[in-house]
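Structure file entry.txt; described as compact mmCIF, C-alpha atoms.
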# COMPACT_ATOMS: atom_id res chain seq x y z
CA ASN A 1 0.00 0.00 0.00
CA ALA A 2 1.78 3.10 -1.21
CA GLY A 3 1.78 6.14 1.01
CA VAL A 4 0.39 9.54 0.12
CA MET A 5 1.85 10.47 -3.25
CA GLN A 6 2.45 14.06 -4.16
CA ASN A 7 3.73 15.34 -7.47
CA PRO A 8 5.68 17.03 -8.62
CA ARG A 9 8.25 17.11 -5.80
CA HIS A 10 9.63 20.37 -7.12
CA LEU A 11 7.84 22.94 -9.24
CA VAL A 12 9.23 26.18 -10.63
CA ARG A 13 6.85 28.76 -12.00
CA ARG A 14 7.29 32.29 -13.26
CA ARG A 15 5.20 35.03 -11.72
CA GLY A 16 1.75 35.05 -13.28
CA GLN A 17 1.73 31.37 -14.26
CA GLU A 18 -0.50 28.70 -12.82
CA ALA A 19 0.68 25.97 -10.47
CA ARG A 20 -1.09 22.62 -10.13
CA LEU A 21 -0.15 20.36 -7.24
CA ARG A 22 -1.42 16.81 -7.13
CA CYS A 23 -2.07 14.51 -4.20
CA SER A 24 -3.08 10.86 -4.37
CA PRO A 25 -4.27 9.73 -0.93
CA MET A 26 -3.59 6.32 0.51
CA LYS A 27 -5.92 3.60 -0.71
CA GLY A 28 -9.14 3.65 1.26
CA HIS A 29 -8.62 7.18 2.58
CA SER A 30 -11.43 9.56 1.76
CA HIS A 31 -10.25 12.60 3.74
CA VAL A 32 -7.60 14.91 2.24
CA TYR A 33 -5.95 17.92 3.87
CA TRP A 34 -3.64 20.51 2.34
CA TYR A 35 -1.07 22.44 4.38
CA ARG A 36 1.48 25.10 3.46
CA GLN A 37 4.85 25.49 5.14
CA LEU A 38 7.13 28.48 4.80
CA PRO A 39 10.85 28.08 5.64
CA GLU A 40 11.44 27.73 9.40
CA GLU A 41 7.69 27.86 10.04
CA GLY A 42 5.10 25.34 11.12
CA LEU A 43 2.41 23.92 8.88
CA LYS A 44 -0.54 26.15 8.14
CA PHE A 45 -3.84 24.46 7.36
CA MET A 46 -5.36 25.41 4.03
CA VAL A 47 -8.26 23.15 3.08
CA TYR A 48 -9.97 19.89 4.04
CA LEU A 49 -11.80 17.85 1.42
CA GLN A 50 -13.72 14.64 1.18
CA LYS A 51 -14.63 13.07 -2.13
CA GLU A 52 -16.24 15.78 -4.28
CA ASN A 53 -16.81 18.05 -1.27
CA ILE A 54 -14.91 20.88 0.39
CA ILE A 55 -15.46 20.50 4.11
CA ASP A 56 -13.33 23.34 5.46
CA GLU A 57 -11.48 25.94 3.42
CA SER A 58 -10.95 28.43 6.22
CA GLY A 59 -7.20 28.50 5.60
CA MET A 60 -7.35 29.12 1.88
CA PRO A 61 -6.56 32.60 0.55
CA LYS A 62 -9.73 34.07 -0.90
CA GLU A 63 -8.23 34.68 -4.32
CA ARG A 64 -6.16 32.64 -6.78
CA PHE A 65 -6.28 29.42 -4.71
CA SER A 66 -8.67 26.55 -5.27
CA ALA A 67 -8.80 22.86 -4.43
CA GLU A 68 -10.75 19.85 -5.55
CA PHE A 69 -10.98 16.15 -4.79
CA PRO A 70 -12.94 14.55 -7.62
CA LYS A 71 -14.70 11.23 -7.50
CA GLU A 72 -11.93 9.74 -9.59
CA GLY A 73 -8.31 10.82 -9.54
CA PRO A 74 -6.07 12.81 -7.24
CA SER A 75 -6.81 15.91 -5.24
CA ILE A 76 -5.58 19.06 -6.95
CA LEU A 77 -4.44 22.31 -5.34
CA ARG A 78 -4.43 25.03 -7.95
CA ILE A 79 -2.75 28.40 -7.63
CA GLN A 80 -3.47 30.89 -10.37
CA GLN A 81 -1.24 33.86 -11.25
CA VAL A 82 1.45 32.84 -8.78
CA VAL A 83 3.46 35.48 -6.93
CA ARG A 84 6.79 35.19 -5.12
CA GLY A 85 5.00 34.95 -1.78
CA ASP A 86 3.44 31.65 -2.89
CA SER A 87 6.88 29.99 -2.76
CA ALA A 88 6.61 27.34 -0.05
CA ALA A 89 6.34 23.64 0.60
CA TYR A 90 2.82 22.32 0.16
CA PHE A 91 1.94 19.13 2.00
CA CYS A 92 -1.02 16.89 1.54
CA ALA A 93 -2.28 14.42 4.15
CA SER A 94 -4.95 11.78 4.02
CA SER A 95 -6.85 9.80 6.61
CA PRO A 96 -9.57 7.14 6.60
CA SER A 97 -11.57 9.14 9.11
CA GLN A 98 -10.59 11.86 11.54
CA ASP A 99 -7.67 9.87 12.95
CA GLY A 100 -4.14 9.15 11.91
CA TYR A 101 -3.06 11.59 9.23
CA THR A 102 -0.49 10.30 6.77
CA PHE A 103 1.47 13.03 5.04
CA GLY A 104 3.08 13.03 1.64
CA SER A 105 6.61 14.26 0.98
CA GLY A 106 5.35 17.59 -0.26
CA THR A 107 5.71 19.77 -3.34
CA ARG A 108 8.22 22.57 -3.17
CA LEU A 109 6.98 25.48 -5.21
CA THR A 110 9.43 28.16 -6.27
CA VAL A 111 8.14 31.25 -7.99
CA VAL A 112 10.77 33.15 -9.98
CA LEU B 1 -8.81 27.69 17.56
CA ALA B 2 -6.99 26.73 20.73
CA LYS B 3 -3.24 26.99 20.33
CA THR B 4 -0.51 24.76 21.67
CA THR B 5 2.73 26.07 23.09
CA GLN B 6 6.07 24.27 23.11
CA PRO B 7 9.75 25.24 23.37
CA ILE B 8 11.29 26.49 20.15
CA SER B 9 14.37 24.31 20.39
CA MET B 10 16.17 21.75 22.52
CA ASP B 11 19.60 20.16 22.45
CA SER B 12 20.54 16.71 23.71
CA TYR B 13 23.46 14.31 23.61
CA GLU B 14 23.15 10.89 22.09
CA GLY B 15 21.89 8.23 24.48
CA GLN B 16 20.00 10.62 26.72
CA GLU B 17 16.27 10.64 27.35
CA VAL B 18 14.53 13.69 25.92
CA ASN B 19 11.26 15.09 27.22
CA ILE B 20 9.40 17.70 25.18
CA THR B 21 6.45 19.36 26.85
CA CYS B 22 3.52 21.00 25.10
CA SER B 23 0.81 23.09 26.72
CA HIS B 24 -2.74 22.61 25.52
CA ASN B 25 -4.66 25.58 26.85
CA ASN B 26 -8.37 25.43 26.05
CA ILE B 27 -8.24 21.80 25.01
CA ALA B 28 -11.77 20.53 24.48
CA THR B 29 -13.23 17.50 26.21
CA ASN B 30 -13.23 15.31 23.10
CA ASP B 31 -9.85 16.40 21.70
CA TYR B 32 -7.04 13.90 21.44
CA ILE B 33 -3.38 14.90 21.74
CA THR B 34 -1.05 13.86 18.95
CA TRP B 35 2.66 14.21 18.27
CA TYR B 36 4.36 14.34 14.89
CA GLN B 37 7.99 14.32 13.78
CA GLN B 38 9.28 16.15 10.71
CA PHE B 39 12.68 15.75 9.05
CA PRO B 40 13.97 18.36 6.59
CA SER B 41 12.35 18.14 3.16
CA GLN B 42 9.80 15.58 4.34
CA GLY B 43 6.22 15.61 5.51
CA PRO B 44 5.38 15.15 9.19
CA ARG B 45 5.23 11.60 10.47
CA PHE B 46 2.79 10.47 13.17
CA ILE B 47 4.52 9.35 16.37
CA ILE B 48 1.93 8.81 19.07
CA GLN B 49 -1.55 9.79 20.20
CA GLY B 50 -3.31 9.81 23.55
CA TYR B 51 -6.26 11.10 25.52
CA LYS B 52 -5.09 10.85 29.13
CA THR B 53 -2.52 9.17 31.43
CA LYS B 54 0.27 7.33 29.63
CA VAL B 55 0.63 5.80 26.21
CA THR B 56 3.71 3.93 25.01
CA ASN B 57 4.70 2.52 21.65
CA GLU B 58 7.93 1.31 20.10
CA VAL B 59 9.09 4.85 19.41
CA ALA B 60 8.06 7.03 22.36
CA SER B 61 5.95 7.51 25.45
CA LEU B 62 3.31 10.16 25.94
CA PHE B 63 2.36 11.45 29.36
CA ILE B 64 -0.84 13.42 29.84
CA PRO B 65 -1.80 14.72 33.31
CA ALA B 66 -5.33 14.52 34.65
CA ASP B 67 -6.21 18.10 33.71
CA ARG B 68 -4.99 17.45 30.11
CA LYS B 69 -3.63 20.97 29.84
CA SER B 70 -0.21 19.70 28.84
CA SER B 71 1.49 16.64 27.44
CA THR B 72 5.05 15.37 27.46
CA LEU B 73 6.63 13.38 24.67
CA SER B 74 9.43 11.20 25.98
CA LEU B 75 12.08 9.84 23.60
CA PRO B 76 14.30 7.23 25.28
CA ARG B 77 18.00 7.14 24.41
CA VAL B 78 17.97 9.50 21.45
CA SER B 79 20.30 9.07 18.50
CA LEU B 80 21.50 11.50 15.83
CA SER B 81 18.65 10.34 13.59
CA ASP B 82 16.13 11.76 16.07
CA THR B 83 17.20 15.28 15.10
CA ALA B 84 13.97 16.74 13.77
CA VAL B 85 11.13 19.12 14.51
CA TYR B 86 8.44 17.78 16.84
CA TYR B 87 4.86 19.05 16.78
CA CYS B 88 1.98 18.49 19.20
CA PRO B 89 -1.19 19.33 17.25
CA ARG B 90 -4.59 18.80 18.77
CA LEU B 91 -6.84 16.32 17.05
CA PRO B 92 -10.32 17.81 17.50
CA SER B 93 -13.46 15.77 17.24
CA GLY B 94 -15.76 16.37 14.35
CA ASN B 95 -14.74 17.77 11.00
CA THR B 96 -11.97 20.03 12.24
CA PRO B 97 -8.42 19.47 10.96
CA LEU B 98 -5.15 19.29 12.88
CA VAL B 99 -3.71 22.66 13.89
CA PHE B 100 0.08 22.77 14.00
CA GLY B 101 2.22 25.25 15.88
CA LYS B 102 5.87 26.01 15.11
CA GLY B 103 7.11 22.87 16.80
CA THR B 104 10.23 22.12 18.82
CA ARG B 105 13.49 21.71 16.93
CA LEU B 106 15.45 18.93 18.62
CA SER B 107 19.16 18.74 17.89
CA VAL B 108 20.96 15.58 18.99
CA ILE B 109 24.69 15.95 19.40
CA ALA B 110 27.22 13.14 19.29

Take the structure in the file and give it back as structure tokens.
Amino acid sequence: NAGVMQNPRHLVRRRGQEARLRCSPMKGHSHVYWYRQLPEEGLKFMVYLQKENIIDESGMPKERFSAEFPKEGPSILRIQQVVRGDSAAYFCASSPSQDGYTFGSGTRLTVV
Amino acid sequence: LAKTTQPISMDSYEGQEVNITCSHNNIATNDYITWYQQFPSQGPRFIIQGYKTKVTNEVASLFIPADRKSSTLSLPRVSLSDTAVYYCPRLPSGNTPLVFGKGTRLSVIA
């Protein structure tokens, strides 16, 4: 049973481009969480999704950021018109219920 | 959301026992206490979880006093590979996600 898979591991985007980060949860896990981590900082919650539903997006910036977890396929975190301040590590976690989060290795986004 | 508080950093020599304490002000009745470990360039890894008293697994022990306003993660005989950041996020009941603080950076010295 593979762990939580995130891709790409590293992503470089120019200012104004779009960034798409993918997260495949562990098999059987229907809860997906996205977190952002700036250098030397803790993880900041962004959004919590279950299949086809956004449960909590209280940590998502109001503009340019969106997330989905379709019935089939991975969860996608999408950042439109990226700016330098979006440079960070983005981690995805999944769980079968509310217990035992398993995190992926993250996607490091660099905006140049 | 209730915040947790823990020391920013700690140093230890190899072979020593390390205790990292976290305060859980305003912890709710149904919240569990969890601890995670994060190495550089990796996602956090679950270590241990508890509700009250003591929990032990193959990696660590977790001590939670009766009032549940704090918890202590105990790592026996640390090695260099235990150098990491340790977080103590609350696990709320219901559809509320884990809330992480800045964690404690543990440095193990040979």

task: Hey, list the chain A side of the contact with chain B: 9 Å cut-off, only C-alpha atoms, answer as a VMD selection string.
output: chain A and resid 33 40 to 45 47 to 48 55 to 56 89 91 to 93 98 to 106 108

message: Report, in Å with one decimal, the straight-line distance from atom CA of A:Arg13 to atom CA of A:Pro61.
response: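 Atom-to-atom, atom CA of A:Arg13 to atom CA of A:Pro61, that is 18.8 Å.
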
query: Near B:Gly50, counting only C-alpha atoms, which residues have an atom at most 12 Å away, once you skip same-chain residues fewer than 6 positions from it, shown as an MDAnalysis selection string?
result: (chainID A and resid 99:100) or (chainID B and resid 30:35 56:57 60:65 68 70:73 88:91)

- prompt: What does the distance from atom CA of B:Thr21 to atom CA of B:Leu75 come to in Å, to one decimal?
  reply: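 Rounded to one decimal, the two atoms are 11.5 Å apart.
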
For A:His10, the nearest of the candidates A:Val32, A:Arg22, A:Ser75, A:Ile54, counting all atoms listed in the file: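 The answer is A:Arg22, which sits nearest to A:His10.
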
task: Report the distance between atom CA of B:Ser74 and atom CA of B:Ala28 in Å, rounded to one decimal place.
output: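 Here the two named atoms are 23.2 Å from each other.
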
- request: May I have the residues within 6 Å of B:Tyr13 as an MDAnalysis selection string, using only C-alpha atoms and disregarding those fewer than 5 positions away in the same chain?
  value: chainID B and resid 108:110

task: Within 8 Å of (-18.3, 19.1, -7.0) (coordinates as in the file), grab all the protein and nucleic acid residues, counting all atoms listed in the file, and write them out as JSON, numbers by chain.
output: {"A": [52, 53, 68, 70]}

task: Choose the residue, out of B:Pro76, B:Lys52, B:Asp67, B:Gln6, that has the smallest atom-to-atom separation from B:Ile20; count all atoms listed in the file.
output: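 The answer is B:Gln6, which sits nearest to B:Ile20.
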
message: What's around A:Val82 at 10 Å? Count only C-alpha atoms, leave out sequence neighbours fewer than 3 positions away in its own chain, and write the answer as a list of chain:residue names.
response: A:Arg13, A:Arg14, A:Arg15, A:Gly16, A:Gln17, A:Glu18, A:Ala19, A:Arg64, A:Phe65, A:Arg78, A:Ile79, A:Gly85, A:Asp86, A:Ser87, A:Leu109, A:Thr110, A:Val111, A:Val112

Taking every listed atom of stretch 18-21 of chain B and adding 8 Å to each side, what centre and edge lengths in Å (one decimal) does the axis-aligned box have, as AutoDock Vina command-line options?
--center_x 10.5 --center_y 16.5 --center_z 26.2 --size_x 24.1 --size_y 21.7 --size_z 18.0
